[in-house]
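Worksheet for the structure shown next.
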Amino acid sequence: MKTARQAARQRRHRRRLMMGTVGLAAAGVVAALVMALLPDHGTDGASVAVARAAGTPARATPPTGTPSPTGTPTATGTPTATGSPAPKASAHTPSKRRPAASTPRAARTSSTTASSAGRIRPGTTYPGVATAYEAGDGDGACGFGPSDDMMIAAMNTTDYETSRACGAYVHVRAANGASITVRITNECPLPCAPGQLDLSQQAFAKLADLKVGRIPITWNLVSPSTSQTVSIRYKTGSNPYWCGIQAIGHRNPVARLEVHTGSGWRQLPRTSYNYFISADGGGCGSTIRITDIYGEQLTVSGIALRPNVVQPTRVQFARH
């Protein structure tokens with residue numbers, strides 16, 4: 001039997017449950033009304049996101065890798081000729097030697113010269129040192145063969161630049177006022193530093209006593225007077241399926257050599273031993289076109305595919 005007090009307590013508990021349920025229901029109704037009256041932000045946000053994804057290109061993530069020692073992504077290069085590191089001939093390298101910072105003056109358009117010259121630029125003076133070596137008959141890494149007057153020099157490996165310096169004429173000045181013009185026919189490996197010229201003993205003797213051994217110099221590229229014309233030589237072993245081609249006796253440094261094929265002109269890669277190679281024989285024995293650092297082009301035809309024979313032409317680059 002329930003007492004009167006227990007019955008009253010149960011009635012009060014049921015009333016509280018009923019009122020709580022009613023309160024929750026009312027709150028739900030109010031919340032629903034409020035949501036119905038507010039703007040549909042969720043839907044608008046989704047639409048904006050889709051619109052951005054469809055109409056705005058994604059921004060590329062910048063690379064986080066370490067650049068190559070030359071300052072450009074490694075593929076090469078070399079950087080290319082073009083974007084190549086500045087020559088460093090001494091601790092005080094002139095800023096005008098830096099390809100990215102300035103363009104040296106030249107006889108032709110600066111853009112053509114800057115893109116073709118490589119490290120050694122017209123109108124630029126380079127500081128360095130001169131040393132001497134026994135040059136024998138004058139033949140060297142450039143593969144030109146014996147020299148007539150022995151006024152020749154070996155260029156340091158950095159400025160040699162995979163034989164781009166071969167055949168260049170440079171005017172060398174010593175601190176005592178003596179000067180000499182030499183032709184680059186060889187490469188001077190390390191420890192020859194950038195800016196250094198290893199002169200033949202005959203050329204060094206024009207500047208100082210051989211006993212001195214090493215003198216400070218400045219030097220610059222020149223385009224000398226000459227009665228010589230350009231010659232072409234095919235490398236030993238050349239045939240219709242592989243050939244190497246070399247230009248000899250050019251007044252100005254050669255920047256490019258091309259051969260004519262059925263599909264047009266084809267530029268050949270250059271080796272450190274100063275030959276341009278057609279690895280598959282394309283263009284071997286055909287018309288040849290050579291370009292100097294000033295952008296002048298000489299087209300030569302009628303050169304037979306005869307290995308190790310110097311074949312003269314009737315053309316020469318203009319003087320600058």
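Residue numbering restarts at 1 for every chain of the structure tokens, chains are lettered A, B, ... in their displayed order, and ligands are numbered from 1 as they appear.
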Subject >> Shell around Arg266 (chain A) at 9 Å using only C-alpha atoms, local window under 5 positions removed, as number ranges by chain >> reply: A: 257-261, 282-283
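Every protein or nucleic acid residue with an atom no more than 6 Å from region 149-155 of chain A, counting only C-alpha atoms and leaving out same-chain residues fewer than 2 positions away, appears here: A:Ser147, A:Tyr160, A:Val182, A:Arg183, A:Ile184, A:Asn186, A:Glu187, A:Cys188, A:Leu197, A:Asp198, A:Leu199, A:Ser200, A:Ala203.
Distances to Val172 (chain A) were evaluated for A:Gly128, A:Gly285, A:Gly213, A:Gly140 using only C-alpha atoms, and the minimum falls at A:Gly128.
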Original post:
Neighbours of Cys142 (chain A) within 8 Å (only C-alpha atoms; same-chain residues fewer than 3 positions away dropped), as an MDAnalysis selection string?
Top reply: chainID A and resid 139 163 166:167 185:187 272:274
Let me see the file: selected residues, all heavy atoms, as a compact mmCIF listing (two decimals), in the first residue's frame.
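Generated file (out_2.txt):
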# COMPACT_ATOMS: atom_id res chain seq x y z
N ASP A 139 101.21 22.22 -81.11
CA ASP A 139 99.94 21.51 -81.11
C ASP A 139 99.43 21.39 -79.67
O ASP A 139 100.22 21.37 -78.73
CB ASP A 139 100.11 20.13 -81.73
CG ASP A 139 98.78 19.49 -82.12
OD1 ASP A 139 97.75 20.19 -82.05
OD2 ASP A 139 98.79 18.30 -82.47
N SER A 163 86.34 23.97 -75.07
CA SER A 163 86.98 24.34 -76.34
C SER A 163 86.38 25.57 -77.02
O SER A 163 86.78 25.91 -78.13
CB SER A 163 87.01 23.16 -77.33
OG SER A 163 85.78 22.96 -77.97
N CYS A 166 89.04 27.94 -78.17
CA CYS A 166 89.99 27.52 -79.19
C CYS A 166 89.98 28.46 -80.40
O CYS A 166 88.92 28.76 -80.96
CB CYS A 166 89.69 26.10 -79.66
SG CYS A 166 90.19 24.82 -78.48
N GLY A 167 91.18 28.89 -80.79
CA GLY A 167 91.31 29.77 -81.94
C GLY A 167 91.13 31.24 -81.64
O GLY A 167 91.32 32.09 -82.52
N THR A 185 95.50 27.76 -78.31
CA THR A 185 95.60 26.45 -78.99
C THR A 185 95.57 25.28 -78.02
O THR A 185 95.59 24.13 -78.46
CB THR A 185 96.91 26.36 -79.81
OG1 THR A 185 98.03 26.46 -78.90
CG2 THR A 185 97.00 27.47 -80.84
N ASN A 186 95.53 25.58 -76.72
CA ASN A 186 95.66 24.51 -75.74
C ASN A 186 94.85 24.83 -74.50
O ASN A 186 94.36 25.96 -74.33
CB ASN A 186 97.13 24.32 -75.37
CG ASN A 186 97.45 22.91 -74.93
OD1 ASN A 186 96.57 22.10 -74.69
ND2 ASN A 186 98.74 22.60 -74.81
N GLU A 187 94.71 23.85 -73.63
CA GLU A 187 94.00 23.99 -72.37
C GLU A 187 94.99 23.84 -71.22
O GLU A 187 95.85 22.94 -71.24
CB GLU A 187 92.90 22.94 -72.24
CG GLU A 187 92.16 22.98 -70.92
CD GLU A 187 91.12 21.87 -70.79
OE1 GLU A 187 91.09 20.99 -71.68
OE2 GLU A 187 90.34 21.90 -69.82
N SER A 272 85.41 18.72 -76.10
CA SER A 272 86.53 19.41 -75.46
C SER A 272 87.78 19.40 -76.33
O SER A 272 88.69 20.18 -76.12
CB SER A 272 86.84 18.77 -74.10
OG SER A 272 87.20 17.41 -74.27
N TYR A 273 87.83 18.49 -77.33
CA TYR A 273 88.98 18.46 -78.23
C TYR A 273 88.69 19.21 -79.53
O TYR A 273 89.36 19.04 -80.55
CB TYR A 273 89.43 17.02 -78.51
CG TYR A 273 88.34 16.06 -78.96
CD1 TYR A 273 88.02 15.91 -80.31
CD2 TYR A 273 87.64 15.31 -78.03
CE1 TYR A 273 87.03 15.03 -80.72
CE2 TYR A 273 86.64 14.42 -78.43
CZ TYR A 273 86.34 14.29 -79.77
OH TYR A 273 85.36 13.42 -80.17
N ASN A 274 87.67 20.07 -79.50
CA ASN A 274 87.42 21.07 -80.55
C ASN A 274 86.93 20.50 -81.88
O ASN A 274 87.26 21.01 -82.95
CB ASN A 274 88.68 21.92 -80.78
CG ASN A 274 88.39 23.20 -81.56
OD1 ASN A 274 87.32 23.79 -81.42
ND2 ASN A 274 89.34 23.62 -82.38
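Distance check against Val300 (chain A) using only C-alpha atoms: of A:Ala117, A:Val254, A:Ala208, A:Ile232, the minimum falls on A:Ile232.
The nearest approach to Phe144 (chain A) among the residues A:Arg314, A:Arg121, A:Lys206, A:Lys235, with only C-alpha atoms taken into account, belongs to A:Lys235.
Comparing A:Asn252, A:Thr287, A:Thr181, A:Ser231 by their smallest distance to Ser301 (chain A), the closest is A:Thr287 (using only C-alpha atoms).
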**OP:** Grab the CA of Gly123 (chain A) to CA of Val315 (chain A) distance for me, in Å with one decimal place.
**Re:** 24.7 Å
**OP:** One decimal, Å: what's the distance from CA of Thr291 (chain A) over to CA of Asp137 (chain A), could you say?
**Re:** 28.6 Å
**OP:** Tell me, in Å to one decimal, how far CA of Ala168 (chain A) is from CA of Asp209 (chain A).
**Re:** 25.1 Å
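Selecting alpha helix (DSSP H) from the backbone DSSP output for region 135-274 of chain A yields A:Thr157, A:Thr158, A:Asp159, A:Tyr160, A:Gln201, A:Gln202, A:Ala203, A:Phe204.
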Selection to disk with N, CA, C and O atoms, as a compact mmCIF listing (two decimals), in the first residue's frame:
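The resulting file, part_18.txt, is shown below:
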# COMPACT_ATOMS: atom_id res chain seq x y z
N THR A 157 91.18 25.97 -67.71
CA THR A 157 90.03 25.11 -68.00
C THR A 157 88.70 25.85 -67.89
O THR A 157 87.79 25.64 -68.70
N THR A 158 88.57 26.72 -66.89
CA THR A 158 87.31 27.44 -66.70
C THR A 158 86.98 28.29 -67.91
O THR A 158 85.87 28.23 -68.45
N ASP A 159 87.92 29.11 -68.36
CA ASP A 159 87.68 29.99 -69.51
C ASP A 159 87.84 29.26 -70.85
O ASP A 159 87.39 29.77 -71.87
N TYR A 160 88.47 28.09 -70.83
CA TYR A 160 88.54 27.25 -72.03
C TYR A 160 87.14 26.82 -72.46
O TYR A 160 86.83 26.75 -73.65
N GLN A 201 106.78 29.38 -74.06
CA GLN A 201 107.99 30.06 -73.59
C GLN A 201 108.38 31.20 -74.53
O GLN A 201 108.85 32.26 -74.09
N GLN A 202 108.16 31.00 -75.84
CA GLN A 202 108.50 32.03 -76.80
C GLN A 202 107.65 33.28 -76.60
O GLN A 202 108.13 34.41 -76.72
N ALA A 203 106.36 33.09 -76.28
CA ALA A 203 105.48 34.23 -76.05
C ALA A 203 105.76 34.90 -74.71
O ALA A 203 105.78 36.13 -74.60
N PHE A 204 106.00 34.09 -73.67
CA PHE A 204 106.27 34.65 -72.34
C PHE A 204 107.53 35.51 -72.37
O PHE A 204 107.60 36.57 -71.71
